[in-house]
$ cat input20.pdb   # PDB, C-alpha atoms (C1' of nucleotides)
ATOM      1  CA  MET A   1     149.735  82.964  24.675
ATOM      2  CA  LYS A   2     151.678  81.781  21.685
ATOM      3  CA  ARG A   3     154.451  84.226  20.911
ATOM      4  CA  ARG A   4     155.581  85.134  17.426
ATOM      5  CA  ASN A   5     159.160  85.688  16.478
ATOM      6  CA  THR A   6     159.176  89.157  15.071
ATOM      7  CA  GLN A   7     162.024  90.995  13.462
ATOM      8  CA  GLN A   8     161.431  93.901  15.842
ATOM      9  CA  ARG A   9     161.901  91.853  18.983
ATOM     10  CA  LYS A  10     165.010  90.189  17.598
ATOM     11  CA  VAL A  11     166.617  93.525  16.747
ATOM     12  CA  ILE A  12     165.841  94.928  20.210
ATOM     13  CA  LEU A  13     167.374  91.940  21.948
ATOM     14  CA  ASP A  14     170.446  92.038  19.709
ATOM     15  CA  ILE A  15     170.967  95.698  20.474
ATOM     16  CA  LEU A  16     170.727  95.101  24.200
ATOM     17  CA  ARG A  17     173.152  92.226  24.071
ATOM     18  CA  SER A  18     175.715  94.240  22.168
ATOM     19  CA  THR A  19     176.129  97.064  24.663
ATOM     20  CA  ASP A  20     176.952  97.463  28.316
ATOM     21  CA  ILE A  21     175.749 101.018  28.800
ATOM     22  CA  HIS A  22     172.352  99.964  30.222
ATOM     23  CA  PRO A  23     170.389 102.093  27.767
ATOM     24  CA  THR A  24     166.985 103.686  28.068
ATOM     25  CA  ALA A  25     164.024 102.737  25.895
ATOM     26  CA  ASP A  26     164.572 105.828  23.834
ATOM     27  CA  TRP A  27     168.208 105.045  23.126
ATOM     28  CA  ILE A  28     167.216 101.554  22.013
ATOM     29  CA  TYR A  29     164.500 103.028  19.807
ATOM     30  CA  GLU A  30     166.935 105.357  18.030
ATOM     31  CA  ARG A  31     169.351 102.551  17.438
ATOM     32  CA  ALA A  32     166.647 100.148  16.285
ATOM     33  CA  ARG A  33     165.564 102.640  13.634
ATOM     34  CA  GLN A  34     168.864 102.078  11.904
ATOM     35  CA  TYR A  35     167.713  98.548  11.177
ATOM     36  CA  ILE A  36     163.950  99.037  10.958
ATOM     37  CA  PRO A  37     163.406 102.675  10.011
ATOM     38  CA  ASN A  38     159.694 102.793  10.746
ATOM     39  CA  ILE A  39     159.710 100.890  14.022
ATOM     40  CA  SER A  40     157.648 102.709  16.626
ATOM     41  CA  LEU A  41     158.535 103.643  20.172
ATOM     42  CA  GLY A  42     155.439 101.844  21.416
ATOM     43  CA  THR A  43     156.707  98.628  19.890
ATOM     44  CA  VAL A  44     160.042  99.080  21.614
ATOM     45  CA  TYR A  45     158.316  99.491  24.959
ATOM     46  CA  ARG A  46     156.030  96.541  24.358
ATOM     47  CA  ASN A  47     158.911  94.268  23.429
ATOM     48  CA  LEU A  48     161.111  95.361  26.295
ATOM     49  CA  LYS A  49     158.305  94.410  28.627
ATOM     50  CA  ILE A  50     157.916  91.030  26.952
ATOM     51  CA  LEU A  51     161.652  90.320  27.042
ATOM     52  CA  ARG A  52     161.780  91.307  30.696
ATOM     53  CA  ASP A  53     158.813  89.081  31.553
ATOM     54  CA  GLU A  54     160.484  86.206  29.734
ATOM     55  CA  GLY A  55     163.603  86.760  31.810
ATOM     56  CA  LEU A  56     165.813  87.534  28.821
ATOM     57  CA  ILE A  57     166.709  91.023  29.977
ATOM     58  CA  LEU A  58     166.640  93.031  33.198
ATOM     59  CA  GLU A  59     164.848  96.281  33.833
ATOM     60  CA  LEU A  60     166.647  98.728  36.116
ATOM     61  CA  SER A  61     164.849 101.754  37.433
ATOM     62  CA  ASP A  62     166.962 104.837  37.330
ATOM     63  CA  GLY A  63     164.963 107.610  38.909
ATOM     64  CA  LYS A  64     161.826 107.961  36.862
ATOM     65  CA  GLN A  65     163.297 106.305  33.803
ATOM     66  CA  SER A  66     163.928 102.659  33.135
ATOM     67  CA  ARG A  67     167.169 101.305  31.836
ATOM     68  CA  PHE A  68     167.661  97.864  30.409
ATOM     69  CA  ASP A  69     170.369  95.275  30.755
ATOM     70  CA  GLY A  70     171.056  92.443  28.348
ATOM     71  CA  ARG A  71     173.184  90.631  30.907
ATOM     72  CA  ILE A  72     171.197  88.325  33.130
ATOM     73  CA  ASP A  73     173.974  86.443  34.873
ATOM     74  CA  GLU A  74     174.673  87.486  38.447
ATOM     75  CA  HIS A  75     176.390  90.824  38.617
ATOM     76  CA  PHE A  76     176.037  94.172  40.353
ATOM     77  CA  HIS A  77     175.897  97.766  39.290
ATOM     78  CA  PHE A  78     177.779 100.917  40.073
ATOM     79  CA  LYS A  79     176.133 104.223  39.321
ATOM     80  CA  CYS A  80     178.303 107.298  39.015
ATOM     81  CA  SER A  81     176.585 110.277  40.547
ATOM     82  CA  ASN A  82     178.744 112.577  38.469
ATOM     83  CA  CYS A  83     178.273 111.273  34.927
ATOM     84  CA  ASN A  84     175.234 109.072  35.659
ATOM     85  CA  SER A  85     176.743 106.102  33.876
ATOM     86  CA  ILE A  86     175.932 102.654  35.135
ATOM     87  CA  TYR A  87     178.795 100.166  35.192
ATOM     88  CA  ASP A  88     178.751  96.429  35.588
ATOM     89  CA  VAL A  89     180.545  95.172  38.659
ATOM     90  CA  ASP A  90     181.856  91.675  38.330
ATOM     91  CA  THR A  91     183.870  91.334  41.504
ATOM     92  CA  GLU A  92     181.703  88.808  43.216
ATOM     93  CA  GLU A  93     184.062  88.831  46.164
ATOM     94  CA  ALA A  94     182.836  92.316  46.968
ATOM     95  CA  VAL A  95     179.427  91.032  47.969
ATOM     96  CA  ARG A  96     178.385  88.132  50.096
ATOM     97  CA  ILE A  97     174.693  87.382  50.488
ATOM     98  CA  ASN A  98     173.280  84.885  52.930
ATOM     99  CA  GLU A  99     169.749  84.201  51.809
ATOM    100  CA  GLU A 100     169.191  81.569  54.463
ATOM    101  CA  ILE A 101     168.906  84.171  57.157
ATOM    102  CA  LEU A 102     166.081  85.835  55.291
ATOM    103  CA  GLN A 103     164.416  82.528  54.558
ATOM    104  CA  LYS A 104     164.390  81.689  58.243
ATOM    105  CA  GLU A 105     162.399  84.848  58.826
ATOM    106  CA  GLY A 106     159.806  83.782  56.277
ATOM    107  CA  TYR A 107     161.023  85.691  53.258
ATOM    108  CA  GLN A 108     161.189  83.759  50.017
ATOM    109  CA  VAL A 109     163.975  85.399  48.032
ATOM    110  CA  HIS A 110     163.746  85.241  44.247
ATOM    111  CA  SER A 111     166.418  87.731  43.334
ATOM    112  CA  TYR A 112     168.262  90.729  44.589
ATOM    113  CA  ASP A 113     169.585  93.894  43.156
ATOM    114  CA  ILE A 114     172.700  95.618  44.408
ATOM    115  CA  THR A 115     173.619  99.065  43.200
ATOM    116  CA  PHE A 116     176.573 101.023  44.458
ATOM    117  CA  THR A 117     176.594 104.780  44.121
ATOM    118  CA  GLY A 118     179.611 107.020  44.031
ATOM    119  CA  ILE A 119     182.247 108.313  41.661
ATOM    120  CA  CYS A 120     183.517 106.147  38.828
ATOM    121  CA  PRO A 121     187.212 105.774  37.965
ATOM    122  CA  LYS A 122     186.866 108.036  34.953
ATOM    123  CA  CYS A 123     185.283 110.937  36.859
ATOM    124  CA  ASN A 124     187.445 110.281  39.879
ATOM    125  CA  GLY A 125     190.589 110.783  37.863
ATOM    126  CA  SER A 126     189.504 113.826  35.957
ATOM    127  CA  GLN A 127     187.980 115.579  38.958
ATOM    128  CA  ASN A 128     184.944 116.952  37.068
TER     129      ASN A 128
ATOM    130  CA  MET B   1     171.521 128.883  49.667
ATOM    131  CA  LYS B   2     170.071 129.810  53.045
ATOM    132  CA  ARG B   3     167.232 127.477  53.876
ATOM    133  CA  ARG B   4     164.148 128.459  55.809
ATOM    134  CA  ASN B   5     162.459 126.302  58.335
ATOM    135  CA  THR B   6     158.952 125.936  57.051
ATOM    136  CA  GLN B   7     156.040 124.234  58.675
ATOM    137  CA  GLN B   8     155.450 122.244  55.486
ATOM    138  CA  ARG B   9     158.898 120.693  55.455
ATOM    139  CA  LYS B  10     158.707 119.826  59.127
ATOM    140  CA  VAL B  11     155.369 118.076  58.732
ATOM    141  CA  ILE B  12     156.634 116.073  55.756
ATOM    142  CA  LEU B  13     159.715 114.916  57.630
ATOM    143  CA  ASP B  14     157.668 114.006  60.701
ATOM    144  CA  ILE B  15     155.301 111.952  58.597
ATOM    145  CA  LEU B  16     158.154 110.074  56.982
ATOM    146  CA  ARG B  17     159.798 109.339  60.300
ATOM    147  CA  SER B  18     156.620 107.957  61.773
ATOM    148  CA  THR B  19     155.999 105.214  59.237
ATOM    149  CA  ASP B  20     157.867 102.264  57.785
ATOM    150  CA  ILE B  21     155.719 101.661  54.734
ATOM    151  CA  HIS B  22     158.019 103.614  52.391
ATOM    152  CA  PRO B  23     155.225 105.802  51.057
ATOM    153  CA  THR B  24     154.798 107.557  47.730
ATOM    154  CA  ALA B  25     154.668 111.334  47.348
ATOM    155  CA  ASP B  26     150.935 111.142  46.965
ATOM    156  CA  TRP B  27     150.434 109.204  50.178
ATOM    157  CA  ILE B  28     152.545 111.754  52.025
ATOM    158  CA  TYR B  29     150.515 114.543  50.445
ATOM    159  CA  GLU B  30     147.215 113.097  51.608
ATOM    160  CA  ARG B  31     148.500 112.653  55.109
ATOM    161  CA  ALA B  32     150.077 116.113  55.220
ATOM    162  CA  ARG B  33     146.722 117.640  54.345
ATOM    163  CA  GLN B  34     145.444 116.501  57.717
ATOM    164  CA  TYR B  35     147.854 118.955  59.301
ATOM    165  CA  ILE B  36     148.031 121.645  56.606
ATOM    166  CA  PRO B  37     144.795 121.392  54.641
ATOM    167  CA  ASN B  38     145.843 123.598  51.759
ATOM    168  CA  ILE B  39     149.342 122.233  51.261
ATOM    169  CA  SER B  40     149.998 121.537  47.597
ATOM    170  CA  LEU B  41     151.358 118.450  45.940
ATOM    171  CA  GLY B  42     154.063 120.534  44.275
ATOM    172  CA  THR B  43     155.307 121.620  47.677
ATOM    173  CA  VAL B  44     155.441 118.026  48.830
ATOM    174  CA  TYR B  45     157.555 117.111  45.820
ATOM    175  CA  ARG B  46     159.821 120.104  46.271
ATOM    176  CA  ASN B  47     160.437 119.350  49.928
ATOM    177  CA  LEU B  48     161.016 115.666  49.391
ATOM    178  CA  LYS B  49     163.730 116.618  46.930
ATOM    179  CA  ILE B  50     165.296 119.029  49.415
ATOM    180  CA  LEU B  51     165.202 116.517  52.264
ATOM    181  CA  ARG B  52     166.742 113.898  50.022
ATOM    182  CA  ASP B  53     169.510 116.263  48.908
ATOM    183  CA  GLU B  54     170.224 117.121  52.537
ATOM    184  CA  GLY B  55     170.542 113.420  53.293
ATOM    185  CA  LEU B  56     167.664 113.373  55.757
ATOM    186  CA  ILE B  57     165.611 110.852  53.817
ATOM    187  CA  LEU B  58     166.141 108.287  51.082
ATOM    188  CA  GLU B  59     164.430 108.100  47.730
ATOM    189  CA  LEU B  60     163.713 104.609  46.454
ATOM    190  CA  SER B  61     162.622 104.091  42.889
ATOM    191  CA  ASP B  62     159.846 101.609  42.569
ATOM    192  CA  GLY B  63     159.121 101.175  38.912
ATOM    193  CA  LYS B  64     158.054 104.525  37.595
ATOM    194  CA  GLN B  65     157.122 105.865  41.007
ATOM    195  CA  SER B  66     159.342 107.028  43.822
ATOM    196  CA  ARG B  67     158.961 105.930  47.401
ATOM    197  CA  PHE B  68     160.569 107.610  50.362
ATOM    198  CA  ASP B  69     162.248 106.316  53.477
ATOM    199  CA  GLY B  70     162.720 108.239  56.711
ATOM    200  CA  ARG B  71     165.319 105.751  57.929
ATOM    201  CA  ILE B  72     168.824 106.613  56.879
ATOM    202  CA  ASP B  73     170.823 104.204  58.978
ATOM    203  CA  GLU B  74     172.194 101.177  57.151
ATOM    204  CA  HIS B  75     169.480  98.714  56.277
ATOM    205  CA  PHE B  76     168.180  96.821  53.268
ATOM    206  CA  HIS B  77     164.850  96.355  51.592
ATOM    207  CA  PHE B  78     162.677  93.465  50.630
ATOM    208  CA  LYS B  79     160.052  93.983  47.989
ATOM    209  CA  CYS B  80     157.179  91.543  47.794
ATOM    210  CA  SER B  81     156.260  90.881  44.198
ATOM    211  CA  ASN B  82     152.835  89.748  45.294
ATOM    212  CA  CYS B  83     151.583  92.622  47.450
ATOM    213  CA  ASN B  84     154.234  95.144  46.380
ATOM    214  CA  SER B  85     155.019  96.127  49.950
ATOM    215  CA  ILE B  86     158.544  97.136  50.803
ATOM    216  CA  TYR B  87     159.916  95.850  54.089
ATOM    217  CA  ASP B  88     162.952  96.920  56.043
ATOM    218  CA  VAL B  89     165.541  94.221  56.456
ATOM    219  CA  ASP B  90     167.689  94.662  59.511
ATOM    220  CA  THR B  91     169.599  91.417  59.501
ATOM    221  CA  GLU B  92     172.990  92.826  58.721
ATOM    222  CA  GLU B  93     174.459  89.334  58.838
ATOM    223  CA  ALA B  94     172.619  88.583  55.614
ATOM    224  CA  VAL B  95     174.825  90.904  53.629
ATOM    225  CA  ARG B  96     178.537  91.420  53.628
ATOM    226  CA  ILE B  97     180.000  94.154  51.477
ATOM    227  CA  ASN B  98     183.681  94.639  50.849
ATOM    228  CA  GLU B  99     184.075  98.144  49.530
ATOM    229  CA  GLU B 100     187.835  97.905  49.441
ATOM    230  CA  ILE B 101     187.756  95.665  46.416
ATOM    231  CA  LEU B 102     185.832  98.307  44.505
ATOM    232  CA  GLN B 103     188.061 101.064  45.725
ATOM    233  CA  LYS B 104     191.089  99.224  44.431
ATOM    234  CA  GLU B 105     189.520  99.297  40.991
ATOM    235  CA  GLY B 106     189.106 103.053  41.181
ATOM    236  CA  TYR B 107     185.496 103.266  42.298
ATOM    237  CA  GLN B 108     184.771 105.677  45.103
ATOM    238  CA  VAL B 109     181.758 104.205  46.894
ATOM    239  CA  HIS B 110     179.437 106.618  48.673
ATOM    240  CA  SER B 111     176.535 104.323  49.378
ATOM    241  CA  TYR B 112     174.827 101.216  48.184
ATOM    242  CA  ASP B 113     171.330 100.017  47.871
ATOM    243  CA  ILE B 114     170.312  96.415  48.290
ATOM    244  CA  THR B 115     166.820  95.280  47.454
ATOM    245  CA  PHE B 116     165.655  91.710  47.644
ATOM    246  CA  THR B 117     162.657  90.626  45.637
ATOM    247  CA  GLY B 118     160.414  87.693  46.377
ATOM    248  CA  ILE B 119     157.442  86.737  48.511
ATOM    249  CA  CYS B 120     156.997  88.198  51.974
ATOM    250  CA  PRO B 121     156.045  86.134  55.032
ATOM    251  CA  LYS B 122     152.467  87.405  54.933
ATOM    252  CA  CYS B 123     151.852  86.445  51.302
ATOM    253  CA  ASN B 124     153.904  83.305  51.637
ATOM    254  CA  GLY B 125     151.663  82.003  54.382
ATOM    255  CA  SER B 126     148.370  82.873  52.807
ATOM    256  CA  GLN B 127     149.330  81.674  49.345
ATOM    257  CA  ASN B 128     147.610  84.532  47.489
TER     258      ASN B 128
ATOM    259  C1'  DG C   1     143.352  81.778   7.591
ATOM    260  C1'  DT C   2     143.838  83.533  12.020
ATOM    261  C1'  DA C   3     145.426  85.588  15.933
ATOM    262  C1'  DT C   4     149.360  88.070  17.614
ATOM    263  C1'  DA C   5     152.260  92.144  16.728
ATOM    264  C1'  DT C   6     152.771  96.543  14.645
ATOM    265  C1'  DG C   7     152.551 101.761  13.677
ATOM    266  C1'  DC C   8     150.407 105.729  14.877
ATOM    267  C1'  DA C   9     148.503 108.965  17.814
ATOM    268  C1'  DA C  10     146.032 109.961  21.661
ATOM    269  C1'  DA C  11     145.749 109.107  26.648
ATOM    270  C1'  DC C  12     147.893 108.632  31.125
ATOM    271  C1'  DA C  13     150.417 109.189  35.395
ATOM    272  C1'  DA C  14     154.170 110.939  37.940
ATOM    273  C1'  DT C  15     156.746 114.801  38.464
ATOM    274  C1'  DT C  16     158.335 119.526  37.493
ATOM    275  C1'  DT C  17     157.942 124.381  36.773
ATOM    276  C1'  DG C  18     156.423 129.539  36.094
ATOM    277  C1'  DC C  19     154.329 132.962  38.429
ATOM    278  C1'  DA C  20     152.400 136.072  41.772
ATOM    279  C1'  DC C  21     151.876 136.210  46.512
ATOM    280  C1'  DG C  22     153.064 134.871  51.442
ATOM    281  C1'  DC C  23     155.825 134.381  55.366
ATOM    282  C1'  DC C  24     160.375 133.092  57.747
ATOM    283  C1'  DT C  25     164.396 135.432  59.485
TER     284       DT C  25
ATOM    285  C1'  DA D   1     162.771 144.485  54.057
ATOM    286  C1'  DG D   2     164.276 140.872  51.321
ATOM    287  C1'  DG D   3     164.305 136.632  49.358
ATOM    288  C1'  DC D   4     163.209 131.786  49.810
ATOM    289  C1'  DG D   5     158.979 128.949  49.890
ATOM    290  C1'  DT D   6     154.221 128.334  48.726
ATOM    291  C1'  DG D   7     149.757 127.325  46.181
ATOM    292  C1'  DC D   8     147.924 126.819  41.924
ATOM    293  C1'  DA D   9     147.649 125.299  37.391
ATOM    294  C1'  DA D  10     149.778 124.412  33.267
ATOM    295  C1'  DA D  11     153.615 122.030  31.146
ATOM    296  C1'  DT D  12     156.775 118.076  30.650
ATOM    297  C1'  DT D  13     158.366 113.500  30.503
ATOM    298  C1'  DG D  14     158.275 108.620  30.384
ATOM    299  C1'  DT D  15     155.207 105.089  29.389
ATOM    300  C1'  DT D  16     150.872 102.829  28.055
ATOM    301  C1'  DT D  17     146.930 101.896  25.187
ATOM    302  C1'  DG D  18     143.038 101.650  21.449
ATOM    303  C1'  DC D  19     142.459 100.748  16.918
ATOM    304  C1'  DA D  20     142.935  99.466  12.166
ATOM    305  C1'  DT D  21     146.283  97.066   9.511
ATOM    306  C1'  DA D  22     150.218  93.949   8.664
ATOM    307  C1'  DT D  23     152.548  89.680   9.256
ATOM    308  C1'  DA D  24     154.287  85.221  11.393
ATOM    309  C1'  DC D  25     152.884  80.729  11.668
TER     310       DC D  25
END

$ encode --input "input20.pdb" --output "structure tokens"
Amino acid sequence: MKRRNTQQRKVILDILRSTDIHPTADWIYERARQYIPNISLGTVYRNLKILRDEGLILELSDGKQSRFDGRIDEHFHFKCSNCNSIYDVDTEEAVRINEEILQKEGYQVHSYDITFTGICPKCNGSQN
Amino acid sequence: MKRRNTQQRKVILDILRSTDIHPTADWIYERARQYIPNISLGTVYRNLKILRDEGLILELSDGKQSRFDGRIDEHFHFKCSNCNSIYDVDTEEAVRINEEILQKEGYQVHSYDITFTGICPKCNGSQN
DNA sequence: GTATATGCAAACAATTTGCACGCCT
DNA sequence: AGGCGTGCAAATTGTTTGCATATAC
């Protein structure tokens, strides 16, 4: 299928690349309306799906909602169970994956997702 | 809150502990009906939430659905993008986590979830 | 010009919830 | 006896989809 380059898709991708809060579709929709006032939520969903299928963004499932990530280089996530924020974790030394072991058992690994859960520095400090 | 020991909750936990397919709420509901024919889906959902909050089971989010896991010892998951099955991965040598590095940055880690995605041995062999 | 993408609203699917009654403790 | 848990059905929420029109190419 030949894909068109629509203003809507460009705006959505720009928004995702300019934040690190891993927003929901709805958050992206509200922000996109500032640039294209009559954009529809359906269009946001359709484009997020397209961008994800093209490998330009990541879709994270957070309970029953999806969140989206404009960063596609290797990194991990930390989810605070107090404030529900999702942080990017860049300390690659914290994780060491040996895919070969899985491959020897017949698994063909394409990607992996690592999410830590706990209390973030902000909530940890302020005790709430 | 004082918790009662209901037949419904016991059946649900037994079902989850006797399978490794990481079932959905609906699958658990259908199976539970074999033991308690008039159990309701709402009750299944309510008890899964309770069991998860008590730390007796794990909730995995699989797209927009949730799946549940009766195993709570440390292990990882492999999701086949062909058949959508979720496998348990027990090779602890495949993953090495250094929580200390995160702790030094102020993160208080309670748990982590690691999910590999790719093609499972079954689908890999049969090419479909 | 033509086919893909859009806006809108209705449809869907998974999950949650209000309520009156039931049953553990 | 008292209150948490249940069954039932309706309500909610996040997401998807059909259709007529608009727009990128």

$ resolve_selection --input "input20.pdb" --expression "the PyMOL selection byres ((chain C) within 10 of (chain B))" --output "MDAnalysis selection string"
chainID C and resid 13:17 23:25

$ write_last_selection --input "input20.pdb" --atoms "C-alpha atoms (C1' of nucleotides)" --output "PDB file, in the frame of the given file"
ATOM      1  C1'  DA C  13     150.417 109.189  35.395  1.00  0.00           C
ATOM      2  C1'  DA C  14     154.170 110.939  37.940  1.00  0.00           C
ATOM      3  C1'  DT C  15     156.746 114.801  38.464  1.00  0.00           C
ATOM      4  C1'  DT C  16     158.335 119.526  37.493  1.00  0.00           C
ATOM      5  C1'  DT C  17     157.942 124.381  36.773  1.00  0.00           C
ATOM      6  C1'  DC C  23     155.825 134.381  55.366  1.00  0.00           C
ATOM      7  C1'  DC C  24     160.375 133.092  57.747  1.00  0.00           C
ATOM      8  C1'  DT C  25     164.396 135.432  59.485  1.00  0.00           C
TER       9       DT C  25
END

$ residues_around --input "input20.pdb" --residues "A:Arg9" --least-positions-apart "6" --cutoff "12 Å" --atoms "all atoms listed in the file" --output "PDB file with C-alpha atoms (C1' of nucleotides), in the frame of the given file"
ATOM      1  CA  ARG A   3     154.451  84.226  20.911  1.00  0.00           C
ATOM      2  CA  ILE A  15     170.967  95.698  20.474  1.00  0.00           C
ATOM      3  CA  LEU A  16     170.727  95.101  24.200  1.00  0.00           C
ATOM      4  CA  ILE A  28     167.216 101.554  22.013  1.00  0.00           C
ATOM      5  CA  TYR A  29     164.500 103.028  19.807  1.00  0.00           C
ATOM      6  CA  ALA A  32     166.647 100.148  16.285  1.00  0.00           C
ATOM      7  CA  TYR A  35     167.713  98.548  11.177  1.00  0.00           C
ATOM      8  CA  ILE A  36     163.950  99.037  10.958  1.00  0.00           C
ATOM      9  CA  ILE A  39     159.710 100.890  14.022  1.00  0.00           C
ATOM     10  CA  SER A  40     157.648 102.709  16.626  1.00  0.00           C
ATOM     11  CA  THR A  43     156.707  98.628  19.890  1.00  0.00           C
ATOM     12  CA  VAL A  44     160.042  99.080  21.614  1.00  0.00           C
ATOM     13  CA  TYR A  45     158.316  99.491  24.959  1.00  0.00           C
ATOM     14  CA  ARG A  46     156.030  96.541  24.358  1.00  0.00           C
ATOM     15  CA  ASN A  47     158.911  94.268  23.429  1.00  0.00           C
ATOM     16  CA  LEU A  48     161.111  95.361  26.295  1.00  0.00           C
ATOM     17  CA  LYS A  49     158.305  94.410  28.627  1.00  0.00           C
ATOM     18  CA  ILE A  50     157.916  91.030  26.952  1.00  0.00           C
ATOM     19  CA  LEU A  51     161.652  90.320  27.042  1.00  0.00           C
ATOM     20  CA  ARG A  52     161.780  91.307  30.696  1.00  0.00           C
ATOM     21  CA  LEU A  56     165.813  87.534  28.821  1.00  0.00           C
TER      22      LEU A  56
ATOM     23  C1'  DA C   5     152.260  92.144  16.728  1.00  0.00           C
ATOM     24  C1'  DT C   6     152.771  96.543  14.645  1.00  0.00           C
TER      25       DT C   6
END

$ closest_residue --input "input20.pdb" --among "B:Ile114, B:Cys83, B:Cys120, B:Ile12" --to "A:Leu102" --atoms "only C-alpha atoms"
B:Cys120

$ resolve_selection --input "input20.pdb" --expression "the PyMOL selection byres ((chain D) within 10 of (chain B))" --output "list of chain:residue names"
D:DG3, D:DC4, D:DG5, D:DT6, D:DG7, D:DC8, D:DG14, D:DT15

$ resolve_selection --input "input20.pdb" --expression "the PyMOL selection byres ((chain A) within 8 of (chain B))" --output "mmCIF file with C-alpha atoms, in the coordinates of the input"
data_model
loop_
_atom_site.group_PDB
_atom_site.id
_atom_site.type_symbol
_atom_site.label_atom_id
_atom_site.label_comp_id
_atom_site.auth_asym_id
_atom_site.auth_seq_id
_atom_site.Cartn_x
_atom_site.Cartn_y
_atom_site.Cartn_z
ATOM 1 C CA SER A 61 164.849 101.754 37.433
ATOM 2 C CA ASP A 62 166.962 104.837 37.330
ATOM 3 C CA GLY A 63 164.963 107.610 38.909
ATOM 4 C CA LYS A 64 161.826 107.961 36.862
ATOM 5 C CA GLN A 65 163.297 106.305 33.803
ATOM 6 C CA SER A 66 163.928 102.659 33.135
ATOM 7 C CA THR A 91 183.870 91.334 41.504
ATOM 8 C CA GLU A 93 184.062 88.831 46.164
ATOM 9 C CA ALA A 94 182.836 92.316 46.968
ATOM 10 C CA VAL A 95 179.427 91.032 47.969
ATOM 11 C CA ARG A 96 178.385 88.132 50.096
ATOM 12 C CA ILE A 97 174.693 87.382 50.488
ATOM 13 C CA ASN A 98 173.280 84.885 52.930
ATOM 14 C CA GLU A 99 169.749 84.201 51.809
ATOM 15 C CA GLU A 100 169.191 81.569 54.463
ATOM 16 C CA ILE A 101 168.906 84.171 57.157
ATOM 17 C CA LEU A 102 166.081 85.835 55.291
ATOM 18 C CA GLU A 105 162.399 84.848 58.826
ATOM 19 C CA GLY A 106 159.806 83.782 56.277
ATOM 20 C CA TYR A 107 161.023 85.691 53.258
ATOM 21 C CA GLN A 108 161.189 83.759 50.017
ATOM 22 C CA VAL A 109 163.975 85.399 48.032
ATOM 23 C CA HIS A 110 163.746 85.241 44.247
ATOM 24 C CA SER A 111 166.418 87.731 43.334
ATOM 25 C CA TYR A 112 168.262 90.729 44.589
ATOM 26 C CA ASP A 113 169.585 93.894 43.156
ATOM 27 C CA ILE A 114 172.700 95.618 44.408
ATOM 28 C CA THR A 115 173.619 99.065 43.200
ATOM 29 C CA PHE A 116 176.573 101.023 44.458
ATOM 30 C CA THR A 117 176.594 104.780 44.121
ATOM 31 C CA GLY A 118 179.611 107.020 44.031
ATOM 32 C CA ILE A 119 182.247 108.313 41.661
ATOM 33 C CA CYS A 120 183.517 106.147 38.828
ATOM 34 C CA PRO A 121 187.212 105.774 37.965
ATOM 35 C CA ASN A 124 187.445 110.281 39.879
#

$ atom_distance --input "input20.pdb" --atom1 "atom CA of A:Asp69" --atom2 "atom CA of A:His22"
5.1 Å

$ atom_distance --input "input20.pdb" --atom1 "atom CA of B:Leu58" --atom2 "atom CA of B:Lys10"
15.9 Å

$ residues_around --input "input20.pdb" --residues "B:Asp20" --least-positions-apart "6" --cutoff "8 Å" --atoms "all atoms listed in the file" --output "list in words"
Asp69, Gly70, Tyr87 and Asp88 of chain B

$ residues_around --input "input20.pdb" --residues "D:DC19" --least-positions-apart "2" --cutoff "12 Å" --atoms "only C-alpha atoms (C1' of nucleotides)" --output "PDB file with C-alpha atoms (C1' of nucleotides), keeping the file's coordinate frame"
ATOM      1  C1'  DT C   6     152.771  96.543  14.645  1.00  0.00           C
ATOM      2  C1'  DG C   7     152.551 101.761  13.677  1.00  0.00           C
ATOM      3  C1'  DC C   8     150.407 105.729  14.877  1.00  0.00           C
ATOM      4  C1'  DA C   9     148.503 108.965  17.814  1.00  0.00           C
ATOM      5  C1'  DA C  10     146.032 109.961  21.661  1.00  0.00           C
TER       6       DA C  10
ATOM      7  C1'  DT D  17     146.930 101.896  25.187  1.00  0.00           C
ATOM      8  C1'  DT D  21     146.283  97.066   9.511  1.00  0.00           C
TER       9       DT D  21
END

$ axis_aligned_box --input "input20.pdb" --around "stretch 6-25 of chain D" --padding-each-side "3 Å" --output "JSON"
{"center_x": 150.4, "center_y": 104.5, "center_z": 28.7, "size_x": 21.9, "size_y": 53.6, "size_z": 46.1}

$ atom_distance --input "input20.pdb" --atom1 "atom CA of A:Thr24" --atom2 "atom C1' of C:DC12"
20.0 Å
